[in-house]
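Enquirer: Before I ask anything, let me first share the structure, which is written out below as structure tokens.
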There are 2 protein chains.
Amino acid sequence: MMSKHAKEMGVLKEHLGKHQLKFTRQRELILDAFLKQEHITAEAMYHQLARKDPHLGLATIYRTLNLFCEAGLAQARHFGTQTQYDNVSHKGHHDHLICTGCGKIVEFENCDIERLQEEVASRNGFTIQTHRLELYGLCSRCRH
Amino acid sequence: MMSKHAKEMGVLKEHLGKHQLKFTRQRELILDAFLKQEHITAEAMYHQLARKDPHLGLATIYRTLNLFCEAGLAQARHFGTQTQYDNVSHKGHHDHLICTGCGKIVEFENCDIERLQEEVASRNGFTIQTHRLELYGLCSRCRH
DNA sequence: TATTTTTTTGAGATGGTTTATCAATTTCAA
DNA sequence: TTGAAATTGATAAACCATCTCAAAAAAATA
């Protein structure tokens with residue numbers, strides 16, 4: 001039977017192949033764990049995986065999560081003092097409205113905004129690979 | 001003659017007064033330098049001010065920029081691995097195009113995108129305080 | 001103005017996160 | 001199975017930001 005994460009595993013393997021990198025037990029383990037999360041820090045993943053493999057090093061977690069970023073499976077986001085690694089397959093193309101009062105997060109998608117982003121990019125000679133849009137404010141309940 | 005930054009200096013003094021803090025030569029010097037920038041890191045300001053005052057400490061820069069944030073004159077933003085202190089008095093909010101190849105950063109501003117953001121927010125009952133838009137991709141040079 | 005009190009400063013130590021180093025191990029193609 | 005090449009784990013190092021504390025400066029008081 002195929003893994004639950006066959007598609008992402010394929011993306012990873014393709015990236016590895018293109019860059020003369022190797023498919024290892026650790027990379028498989030970390031990807032499996034990563035895909036179950038919406039976002040996670042390296043430290044949190046380190047502790048979470050300590051049970052499955054007590055010898056898995058923190059450096060390997062960092063290296064691997066950064067590898068996932070290069071492969072387009074993850075996206076790093078600096079949050080406070082730590083780095084959050086977002087699961088791109090969960091997030092899809094969704095942007096976020098974040099309430100600074102209660103922390104509520106509302107996802108949205110807006111084609112017009114995306115189109116304008118493309119316009120801005122091409123006007124500057126850029127080809128967009130990914131983007132991040134976060135709107136911070138107060139939700140209706142917190143405004144009162 | 002009045003300083004070029006009389007208004008912001010007033011905001012600072014008011015904040016200091018309200019919190020039993022003192023108006024010092026260093027705070028004045030740092031505010032003057034800060035207001036000339038659109039955004040800056042503590043480290044960059046440290047080097048920039050080293051000529052004017054070689055004994056000005058890095059800790060003081062950090063303390064003072066954080067103070068400006070509390071006073072509403074600056075806004076801290078985690079960008080890459082460092083913290084950028086944005087000058088709030090510069091009206092236009094600047095978004096960023098970031099090259100994943102060479103790290104080049106191009107600032108832009110787009111009224112249409114901002115208007116659409118407001119629309120999305122109000123449709124969801126939110127009032128926007130601030131936002132963050134980053135487009136990641138390859139610049140023309142890195143694409144080849 | 002002189003004195004006292006309170007806050008700030010500078011220099012370096014410290015703390016927390018991420019990356020670099022390198023010998024030993026693992027992968028993978030021949 | 002063998003050997004070249006990449007990866008790993010442990011830890012050192014780098015890095016950014018904050019903390020510490022004696023000395024200095026600023027405001028309050030006399």
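Residues in the structure tokens are numbered from 1 in each chain, the chains being A, B, ... in the order shown, and ligands are numbered from 1 in the order shown.
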Taking the DSSP secondary structure from the backbone, can you list the residues of stretch 32-140 of chain A that are strand (DSSP E or B), as a PyMOL selection string?
Expert: chain A and resi 39-40+74-79+82-87+95-99+105-108+127-138
Enquirer: Over all Cα atoms paired in order, how far apart are chain B and chain A after a least-squares superposition, as an RMSD in Å?
Expert: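 The root-mean-square deviation of C-alpha positions is 3.0 Å.
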Enquirer: Rounded to one decimal place, report the atom C1' of D:DC15-atom CA of B:Gln82 distance in Å.
Expert: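 Result for atom C1' of D:DC15 versus atom CA of B:Gln82: 9.7 Å, one decimal.
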Enquirer: Listing only residues of chain D within 10 Å of chain A, what is the closest atom pair and its distance in Å (to one decimal) for each, using only C-alpha atoms (C1' of nucleotides), sorted by chain and residue number ascending, as JSON lines?
Expert:
```
{"residue": "D:DA5", "atom": "C1'", "partner": "A:Gln20", "partner_atom": "CA", "distance": 9.3}
{"residue": "D:DA6", "atom": "C1'", "partner": "A:Leu21", "partner_atom": "CA", "distance": 6.7}
{"residue": "D:DT7", "atom": "C1'", "partner": "A:Lys22", "partner_atom": "CA", "distance": 8.0}
{"residue": "D:DT8", "atom": "C1'", "partner": "A:Thr60", "partner_atom": "CA", "distance": 7.2}
{"residue": "D:DG9", "atom": "C1'", "partner": "A:Gly57", "partner_atom": "CA", "distance": 5.5}
{"residue": "D:DA10", "atom": "C1'", "partner": "A:Gly57", "partner_atom": "CA", "distance": 7.9}
{"residue": "D:DC16", "atom": "C1'", "partner": "A:Thr81", "partner_atom": "CA", "distance": 9.5}
{"residue": "D:DA17", "atom": "C1'", "partner": "A:Thr81", "partner_atom": "CA", "distance": 9.2}
```
Enquirer: In chain B, what's helix (DSSP H, G or I) per DSSP? Answer as a PyMOL selection string?
Expert: chain B and resi 6-18+25-35+42-49+58-71+111-123
Enquirer: Determine, counting only C-alpha atoms (C1' of nucleotides), which protein, DNA and RNA residues have an atom within 12 Å of an atom of B:His90; residues of the same chain fewer than 6 positions away are not included. Present the result as a ChimeraX atom specification.
Expert: /B:8,34-39,73-75
Enquirer: Quick one: which residues from chain C are at most 8 Å off chain A, using only C-alpha atoms (C1' of nucleotides), as a PyMOL selection string?
Expert: chain C and resi 17-18+27
Enquirer: Specify as JSON, numbers by chain all residues of chain B found within 12 Å of chain A, counting only C-alpha atoms.
Expert: {"B": [76, 77, 78, 79, 80, 81, 82, 83, 95, 96, 97, 98, 99, 100, 101, 104, 105, 106, 107, 108, 109, 110, 111, 112, 113, 114, 115, 116, 117, 118, 119, 120, 121, 122, 123, 124, 125, 126, 127, 128, 129, 130, 131, 132, 133, 134, 135, 136, 137, 138, 139, 140, 141, 142, 143, 144]}
Enquirer: Give me the residues within 10 Å of C:DT5 as a VMD selection string, counting only C-alpha atoms (C1' of nucleotides) and dropping any in the same chain fewer than 4 places off.
Expert: chain D and resid 27 to 29
Enquirer: Find the distance between atom C1' of C:DA20 and atom C1' of D:DA12 and write it in Å to one decimal.
Expert: 8.4 Å
